[in-house]
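**Student:** First the structure, which I've put down as structure tokens, then a few questions once you've had a look.
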Amino acid sequence: MSVTVGVIGCGGISRFHFSGLKKAGAKVAWVCDLSEAVARPWAEQFAAKYTADYRDILADKQVAAVVVATVSSVHKAICLAAIEAGKAVICEKTLAENADDALAIVQAAQRKGSILYTSYMKRFIPAVEKAKELMPSLGRIISTHIRAHQCWGNLWAATPAKGIFHAPPGAVSVVRGKYGGGILVCGGSHILDLVLFFLGRPRRLFASMHTPAGMDCDLQATALMETDNGTVCFEALAHPLTRVGFLRDGWDERVEINGVGGRLEVFSSAWDQVDAKASLLVHYDNATGVATEYRYSPVSPFDRAVGFFCKNIEQGSQGAQSPLGGYEVDNLIAHIKRSAEGHQAVEVQWPI
Ligand SMILES: NC(=O)c1ccc[n+]([C@@H]2O[C@H](COP(=O)([O-])OP(=O)(O)OC[C@H]3O[C@@H](n4cnc5c(N)ncnc54)[C@H](O)[C@@H]3O)[C@@H](O)[C@H]2O)c1
């Protein structure tokens with residue numbers, strides 16, 4: 001049995017979802033976008049109906065699930081309406097623009113008994129999955145460094161006068177308008193999800209952020225986080241260095257987890273080149289002194305994530321991925337901002 005899906009939002013990220021849906025054997029019955037021009041090619045490829053009004057999809061009883069891949073500012077309204085209509089929801093990250101809205105979405109899903117996923121696909125990178133499997137071999141975790149360093153050009157030298165980072169007087173930059181913020185929500189959210197995946201919920205953190213004068217999106221967010229599995233050093237950074245990173249392509253995202261029994265290092269490849277570039281895992285075992293490299297063929301974590309979501313939706317089950325994930329990340333983002341603004345450590349509140 002294949003799951004019948006409507007895709008809401010057919011911009012840049014949607015191609016990864018369409019690829020995953022195709023490989024999962026899902027039936028894409030509807031595509032929706034405010035712009036017919038961006039949606040039409042997908043409607044034709046999948047022999048799907050087009051609409052500019054997502055409520056048409058929610059009214060269709062044949063549709064079991066929706067993919068919400070619109071700009072982040074409308075995730076809340078669409079997710080709440082979809083849950084109310086009884087649909088399973090796969091929402092792009094970030095789940096909402098703030099923690100309260102994300103909480104409202106997960107609580108609505110809980111009340112309705114709906115399946116809800118926030119599509120943080122990095123858990124589905126084979127190197128990340130293998131690292132999670134090897135975590136017990138590290139024994140007690142004593143230190144974690146995690147960072148998302150992304151090459152955004154030199155935004156540190158001068159305020160951009162044009163382009164997606166330019167904030168015109170009285171208006172917001174494209175980056176803030178589409179994604180709700182700068183490097184913290186764009187790159188940082190993904191590795192906050194990995195902090196939750198590997199180490200659990202932080203209970204206390206101290207953060208600092210940097211947004212240059214004249215810009216409306218942050219270029220740096222750092223945080224020290226206390227978890228039940230030791231302290232995490234976190235950094236999301238938009239930098240101008242074009243040839244750094246393990247593939248020397250400017251993408252420099254890595255996780256290093258140290259335990260008393262060894263070390264795990266994950267070097268991820270650029271999110272939008274996952275079909276061509278694979279991530280790498282290095283496992284050092286302190287008992288033998290051996291470091292093992294796990295190299296994988298390039299495989300899209302989006303495909304793997306969407307396949308997992310569709311399989312569970314077909315079976316009517318949430319499966320192993322918590323519906324709270326998107327809310328947990330948005331809650332951490334809120335606490336990082338609060339700590340940075342107040343220049344002080346904060347206890348992380350987890351209402352649910
Ligand atoms: N997982 C990742 O690594 C990753 C990477 C990039 C973007 N994203 C997320 O994906 C989402 C979309 O980003 P994007 O880069 O594709 O943006 P985009 O602007 O390219 O596409 C968004 C589309 O949503 C459409 N839209 C907006 N409001 C709508 C509405 N009410 N009904 C129907 N369509 C509507 C727009 O017309 C646009 O075509 C964002 O939430 C972003 O944070 C995730």
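Convention: chains lettered A, B, ... in structure tokens order; per-chain residue numbering from 1; ligands numbered from 1 as shown.
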Which of region 250-349 of chain A counts as alpha helix (DSSP H) under DSSP, as an MDAnalysis selection string please?
**Tutor:** chainID A and resid 301:315 325:342
**Student:** List as a VMD selection string the protein and nucleic acid residues lying within 8 Å of ligand 1, with only C-alpha atoms and all ligand atoms counted.
**Tutor:** chain A and resid 8 to 14 32 to 35 38 to 39 52 to 54 68 to 75 78 91 to 95 119 to 121 178 to 180 185 to 187 190 271 to 272 302
**Student:** For the residues selected in the previous step, produce a file with N, CA and C atoms as a tab-separated table (two decimals), in the first residue's frame.
**Tutor:**
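Final file, again-v4.tsv:
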chain	number	residue	atom	x	y	z
A	8	ILE	N	3.08	20.77	-0.09
A	8	ILE	CA	2.72	22.19	0.04
A	8	ILE	C	4.02	23.00	0.11
A	9	GLY	N	4.27	23.79	-0.92
A	9	GLY	CA	5.53	24.52	-1.04
A	9	GLY	C	6.44	23.79	-2.01
A	10	CYS	N	6.66	24.37	-3.19
A	10	CYS	CA	7.43	23.71	-4.24
A	10	CYS	C	8.67	24.51	-4.62
A	11	GLY	N	9.28	25.17	-3.63
A	11	GLY	CA	10.50	25.94	-3.89
A	11	GLY	C	11.73	25.07	-3.81
A	12	GLY	N	12.84	25.71	-3.41
A	12	GLY	CA	14.16	25.07	-3.48
A	12	GLY	C	14.26	23.71	-2.81
A	13	ILE	N	13.76	23.57	-1.59
A	13	ILE	CA	13.96	22.33	-0.84
A	13	ILE	C	13.07	21.20	-1.34
A	14	SER	N	12.01	21.55	-2.07
A	14	SER	CA	11.00	20.53	-2.40
A	14	SER	C	11.57	19.42	-3.27
A	32	CYS	N	1.09	22.08	-4.24
A	32	CYS	CA	0.54	23.39	-3.91
A	32	CYS	C	1.67	24.39	-3.79
A	33	ASP	N	1.50	25.53	-4.40
A	33	ASP	CA	2.42	26.66	-4.18
A	33	ASP	C	1.66	27.92	-4.58
A	34	LEU	N	2.01	29.02	-3.94
A	34	LEU	CA	1.41	30.30	-4.32
A	34	LEU	C	1.79	30.62	-5.76
A	35	SER	N	2.96	30.15	-6.17
A	35	SER	CA	3.41	30.36	-7.55
A	35	SER	C	3.12	29.12	-8.38
A	38	VAL	N	6.28	27.56	-10.26
A	38	VAL	CA	7.24	26.62	-9.64
A	38	VAL	C	6.59	25.25	-9.40
A	39	ALA	N	5.27	25.22	-9.26
A	39	ALA	CA	4.59	23.96	-8.95
A	39	ALA	C	4.27	23.12	-10.19
A	52	ALA	N	-3.29	26.55	-5.53
A	52	ALA	CA	-2.57	27.59	-4.79
A	52	ALA	C	-3.06	27.65	-3.35
A	53	ASP	N	-4.13	26.88	-3.06
A	53	ASP	CA	-4.74	26.94	-1.72
A	53	ASP	C	-4.62	25.57	-1.05
A	54	TYR	N	-3.76	25.49	-0.05
A	54	TYR	CA	-3.48	24.18	0.57
A	54	TYR	C	-4.72	23.54	1.18
A	68	VAL	N	5.08	19.76	4.32
A	68	VAL	CA	5.04	21.22	4.41
A	68	VAL	C	6.44	21.74	4.14
A	69	ALA	N	6.64	22.26	2.94
A	69	ALA	CA	7.97	22.73	2.53
A	69	ALA	C	7.91	24.19	2.10
A	70	THR	N	7.01	24.92	2.73
A	70	THR	CA	6.90	26.36	2.47
A	70	THR	C	7.95	27.11	3.27
A	71	VAL	N	8.00	28.42	3.08
A	71	VAL	CA	8.82	29.26	3.96
A	71	VAL	C	8.36	29.03	5.40
A	72	SER	N	9.30	29.21	6.34
A	72	SER	CA	9.03	28.81	7.72
A	72	SER	C	7.89	29.59	8.37
A	73	SER	N	7.67	30.84	7.95
A	73	SER	CA	6.68	31.68	8.62
A	73	SER	C	5.26	31.14	8.54
A	74	VAL	N	4.98	30.27	7.56
A	74	VAL	CA	3.62	29.74	7.45
A	74	VAL	C	3.52	28.27	7.88
A	75	HIS	N	4.60	27.71	8.40
A	75	HIS	CA	4.55	26.32	8.86
A	75	HIS	C	3.45	26.13	9.91
A	78	ILE	N	-0.20	26.11	8.54
A	78	ILE	CA	-0.47	24.95	7.68
A	78	ILE	C	-0.45	23.66	8.49
A	91	CYS	N	7.04	18.11	8.18
A	91	CYS	CA	7.29	19.54	8.03
A	91	CYS	C	8.78	19.80	7.91
A	92	GLU	N	9.13	20.70	7.00
A	92	GLU	CA	10.53	21.11	6.90
A	92	GLU	C	10.94	21.82	8.18
A	93	LYS	N	12.24	21.86	8.41
A	93	LYS	CA	12.76	22.60	9.55
A	93	LYS	C	12.87	24.08	9.18
A	94	THR	N	12.83	25.00	10.15
A	94	THR	CA	12.45	24.72	11.52
A	94	THR	C	10.93	24.53	11.61
A	95	LEU	N	10.50	23.77	12.63
A	95	LEU	CA	9.06	23.49	12.70
A	95	LEU	C	8.26	24.79	12.73
A	119	SER	N	11.41	17.46	9.49
A	119	SER	CA	12.33	16.73	8.61
A	119	SER	C	13.79	17.14	8.83
A	120	TYR	N	14.30	16.85	10.03
A	120	TYR	CA	15.75	17.00	10.26
A	120	TYR	C	16.42	15.75	9.71
A	121	MET	N	16.92	15.87	8.48
A	121	MET	CA	17.34	14.66	7.76
A	121	MET	C	18.73	14.18	8.14
A	178	LYS	N	12.64	33.99	4.54
A	178	LYS	CA	12.35	32.60	4.18
A	178	LYS	C	12.53	31.65	5.35
A	179	TYR	N	13.63	31.87	6.10
A	179	TYR	CA	14.03	30.85	7.07
A	179	TYR	C	13.84	31.29	8.52
A	180	GLY	N	13.57	32.58	8.73
A	180	GLY	CA	13.30	33.06	10.09
A	180	GLY	C	14.53	33.52	10.85
A	185	VAL	N	19.39	29.42	12.88
A	185	VAL	CA	18.24	28.62	12.41
A	185	VAL	C	18.57	27.84	11.14
A	186	CYS	N	19.45	28.37	10.31
A	186	CYS	CA	19.74	27.66	9.05
A	186	CYS	C	20.63	26.44	9.30
A	187	GLY	N	21.87	26.68	9.74
A	187	GLY	CA	22.80	25.55	9.96
A	187	GLY	C	22.75	25.02	11.37
A	190	HIS	N	20.14	22.21	12.59
A	190	HIS	CA	20.44	20.81	12.25
A	190	HIS	C	21.34	20.17	13.30
A	271	TRP	N	24.83	19.95	2.54
A	271	TRP	CA	23.45	19.45	2.55
A	271	TRP	C	22.83	19.37	1.16
A	272	ASP	N	23.27	20.29	0.27
A	272	ASP	CA	22.62	20.34	-1.05
A	272	ASP	C	23.42	19.57	-2.12
A	302	PHE	N	17.81	12.88	2.69
A	302	PHE	CA	16.40	13.27	2.47
A	302	PHE	C	15.62	12.05	1.99
**Student:** Would you mind reading off the distance between CA of Ala305 (chain A) and CA of Pro126 (chain A), one decimal, in Å?
**Tutor:**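 Separation of CA of Ala305 (chain A) and CA of Pro126 (chain A): 11.1 Å.
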**Student:** Do a neighbour search on Lys23 (chain A) at 10 Å with only C-alpha atoms, toss out local chain neighbours closer than 6 positions, and write the hits as a list of chain:residue names.
**Tutor:**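 The neighbour list is A:His17, A:Asp303, A:Arg304, A:Val306, A:Gly307.
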**Student:** Which polymer residues have any atom within 8 Å of an atom of region 237-250 of chain A, counting only C-alpha atoms, with same-chain residues fewer than 2 positions away left out, as a ChimeraX atom specification?
**Tutor:** /A:147-156,183,219-221,235,252-253,267,269
**Student:** I need the residue nearest Pro136 (chain A) from this list: A:Ala223, A:Ala102, A:Ile257, A:Ala108. Use only C-alpha atoms for the distance.
**Tutor:**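 Residue with the minimum atom-to-atom distance to Pro136 (chain A): A:Ile257.
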**Student:** Which is closest to Glu36 (chain A) among A:Val274, A:Lys49, A:Ala24, A:Thr144, if we use only C-alpha atoms?
**Tutor:**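 Among the listed residues, the smallest separation from Glu36 (chain A) belongs to A:Lys49.
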**Student:** So how far away is CA of Arg176 (chain A) from CA of Thr118 (chain A), in Å?
**Tutor:**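 Between these atoms lies a distance of 19.6 Å.
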**Student:** Could you give me, as a PyMOL selection string, the residues within 6 Å of region 332-339 of chain A, counting only C-alpha atoms and dropping anything in the same chain fewer than 4 positions from it?
**Tutor:** chain A and resi 206-207+343-346
**Student:** Step one, run DSSP on the backbone; step two, keep only residues of region 276-329 of chain A assigned to strand (DSSP E); then write them as a ChimeraX atom specification.
**Tutor:** /A:280-285,290-295
**Student:** Those residues you just picked out, can you put them in a file as a tab-separated table (two decimals), in the first residue's frame with C-alpha atoms?
**Tutor:**
chain	number	residue	atom	x	y	z
A	280	LEU	CA	32.67	10.30	6.86
A	281	LEU	CA	32.82	8.69	10.30
A	282	VAL	CA	36.00	7.98	12.24
A	283	HIS	CA	35.82	5.75	15.31
A	284	TYR	CA	38.80	5.60	17.62
A	285	ASP	CA	38.78	2.69	20.09
A	290	VAL	CA	42.73	1.46	16.38
A	291	ALA	CA	40.98	4.22	14.42
A	292	THR	CA	38.45	2.92	11.88
A	293	GLU	CA	37.17	5.05	9.01
A	294	TYR	CA	33.64	4.40	7.76
A	295	ARG	CA	33.23	5.67	4.21
**Student:** Which one is closest to Lys87 (chain A): A:Val3, A:Ala127, A:Met225, A:Met215? Count only C-alpha atoms.
**Tutor:**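 So, comparing all the options, the nearest one is A:Val3.
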**Student:** Applying 7 Å and only C-alpha atoms, which residues near Val348 (chain A) remain after dropping the ones on its own chain fewer than 5 positions away? List them as a list in words.
**Tutor:** Pro202, Arg203, Arg204 and His335 of chain A
**Student:** Quick one: pull the distance between CA of Val128 (chain A) and CA of Phe308 (chain A), Å, one decimal.
**Tutor:**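 It comes out at 15.5 Å.
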**Student:** What's around Ala43 (chain A) at 9 Å? Count only C-alpha atoms, leave out sequence neighbours fewer than 4 positions away in its own chain, and write the answer as a PyMOL selection string.
**Tutor:** chain A and resi 28-32+39+47-50
**Student:** Could the residues in this selection be written to a file with all heavy atoms, as a PDB file, in the first residue's frame?
**Tutor:**
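New file selection-v4.pdb:
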ATOM      1  N   VAL A  28       1.911  11.048  -5.163  1.00  0.00           N
ATOM      2  CA  VAL A  28       1.780  12.504  -4.973  1.00  0.00           C
ATOM      3  C   VAL A  28       0.511  12.927  -5.714  1.00  0.00           C
ATOM      4  O   VAL A  28       0.481  12.986  -6.944  1.00  0.00           O
ATOM      5  CB  VAL A  28       3.019  13.261  -5.501  1.00  0.00           C
ATOM      6  CG1 VAL A  28       2.831  14.766  -5.333  1.00  0.00           C
ATOM      7  CG2 VAL A  28       4.280  12.788  -4.784  1.00  0.00           C
ATOM      8  N   ALA A  29      -0.546  13.191  -4.953  1.00  0.00           N
ATOM      9  CA  ALA A  29      -1.847  13.490  -5.558  1.00  0.00           C
ATOM     10  C   ALA A  29      -2.019  14.978  -5.832  1.00  0.00           C
ATOM     11  O   ALA A  29      -2.764  15.376  -6.722  1.00  0.00           O
ATOM     12  CB  ALA A  29      -2.972  12.994  -4.654  1.00  0.00           C
ATOM     13  N   TRP A  30      -1.361  15.798  -5.006  1.00  0.00           N
ATOM     14  CA  TRP A  30      -1.504  17.248  -5.118  1.00  0.00           C
ATOM     15  C   TRP A  30      -0.145  17.929  -4.958  1.00  0.00           C
ATOM     16  O   TRP A  30       0.682  17.459  -4.165  1.00  0.00           O
ATOM     17  CB  TRP A  30      -2.360  17.799  -3.972  1.00  0.00           C
ATOM     18  CG  TRP A  30      -3.820  17.518  -4.005  1.00  0.00           C
ATOM     19  CD1 TRP A  30      -4.450  16.444  -3.456  1.00  0.00           C
ATOM     20  CD2 TRP A  30      -4.841  18.350  -4.568  1.00  0.00           C
ATOM     21  NE1 TRP A  30      -5.806  16.542  -3.634  1.00  0.00           N
ATOM     22  CE2 TRP A  30      -6.079  17.711  -4.321  1.00  0.00           C
ATOM     23  CE3 TRP A  30      -4.850  19.563  -5.260  1.00  0.00           C
ATOM     24  CZ2 TRP A  30      -7.298  18.249  -4.725  1.00  0.00           C
ATOM     25  CZ3 TRP A  30      -6.058  20.103  -5.666  1.00  0.00           C
ATOM     26  CH2 TRP A  30      -7.267  19.450  -5.403  1.00  0.00           C
ATOM     27  N   VAL A  31       0.032  19.025  -5.672  1.00  0.00           N
ATOM     28  CA  VAL A  31       1.119  19.934  -5.347  1.00  0.00           C
ATOM     29  C   VAL A  31       0.516  21.321  -5.170  1.00  0.00           C
ATOM     30  O   VAL A  31      -0.449  21.688  -5.854  1.00  0.00           O
ATOM     31  CB  VAL A  31       2.230  19.965  -6.416  1.00  0.00           C
ATOM     32  CG1 VAL A  31       2.904  18.611  -6.542  1.00  0.00           C
ATOM     33  CG2 VAL A  31       1.699  20.436  -7.757  1.00  0.00           C
ATOM     34  N   CYS A  32       1.086  22.075  -4.236  1.00  0.00           N
ATOM     35  CA  CYS A  32       0.538  23.388  -3.912  1.00  0.00           C
ATOM     36  C   CYS A  32       1.675  24.387  -3.794  1.00  0.00           C
ATOM     37  O   CYS A  32       2.696  24.102  -3.148  1.00  0.00           O
ATOM     38  CB  CYS A  32      -0.214  23.303  -2.575  1.00  0.00           C
ATOM     39  SG  CYS A  32      -0.663  24.905  -1.882  1.00  0.00           S
ATOM     40  N   ALA A  39       5.266  25.220  -9.263  1.00  0.00           N
ATOM     41  CA  ALA A  39       4.593  23.955  -8.946  1.00  0.00           C
ATOM     42  C   ALA A  39       4.266  23.121 -10.185  1.00  0.00           C
ATOM     43  O   ALA A  39       4.241  21.887 -10.122  1.00  0.00           O
ATOM     44  CB  ALA A  39       3.308  24.240  -8.173  1.00  0.00           C
ATOM     45  N   ALA A  47       1.853  13.647 -12.294  1.00  0.00           N
ATOM     46  CA  ALA A  47       0.439  13.594 -12.692  1.00  0.00           C
ATOM     47  C   ALA A  47      -0.445  13.959 -11.495  1.00  0.00           C
ATOM     48  O   ALA A  47      -1.431  13.283 -11.181  1.00  0.00           O
ATOM     49  CB  ALA A  47       0.082  12.212 -13.236  1.00  0.00           C
ATOM     50  N   ALA A  48      -0.051  15.046 -10.826  1.00  0.00           N
ATOM     51  CA  ALA A  48      -0.758  15.497  -9.627  1.00  0.00           C
ATOM     52  C   ALA A  48      -1.600  16.725  -9.946  1.00  0.00           C
ATOM     53  O   ALA A  48      -1.362  17.416 -10.941  1.00  0.00           O
ATOM     54  CB  ALA A  48       0.266  15.848  -8.547  1.00  0.00           C
ATOM     55  N   LYS A  49      -2.587  16.992  -9.095  1.00  0.00           N
ATOM     56  CA  LYS A  49      -3.382  18.209  -9.242  1.00  0.00           C
ATOM     57  C   LYS A  49      -2.614  19.383  -8.646  1.00  0.00           C
ATOM     58  O   LYS A  49      -1.888  19.203  -7.672  1.00  0.00           O
ATOM     59  CB  LYS A  49      -4.729  18.061  -8.521  1.00  0.00           C
ATOM     60  CG  LYS A  49      -5.701  17.155  -9.269  1.00  0.00           C
ATOM     61  CD  LYS A  49      -6.969  16.933  -8.478  1.00  0.00           C
ATOM     62  CE  LYS A  49      -6.773  15.742  -7.574  1.00  0.00           C
ATOM     63  NZ  LYS A  49      -7.923  15.099  -7.039  1.00  0.00           N
ATOM     64  N   TYR A  50      -2.833  20.564  -9.240  1.00  0.00           N
ATOM     65  CA  TYR A  50      -2.197  21.771  -8.695  1.00  0.00           C
ATOM     66  C   TYR A  50      -3.248  22.639  -8.013  1.00  0.00           C
ATOM     67  O   TYR A  50      -4.372  22.769  -8.489  1.00  0.00           O
ATOM     68  CB  TYR A  50      -1.530  22.606  -9.809  1.00  0.00           C
ATOM     69  CG  TYR A  50      -1.238  24.017  -9.327  1.00  0.00           C
ATOM     70  CD1 TYR A  50      -0.179  24.260  -8.444  1.00  0.00           C
ATOM     71  CD2 TYR A  50      -2.062  25.103  -9.688  1.00  0.00           C
ATOM     72  CE1 TYR A  50       0.056  25.538  -7.946  1.00  0.00           C
ATOM     73  CE2 TYR A  50      -1.828  26.381  -9.201  1.00  0.00           C
ATOM     74  CZ  TYR A  50      -0.762  26.594  -8.326  1.00  0.00           C
ATOM     75  OH  TYR A  50      -0.543  27.850  -7.823  1.00  0.00           O
TER      76      TYR A  50
END
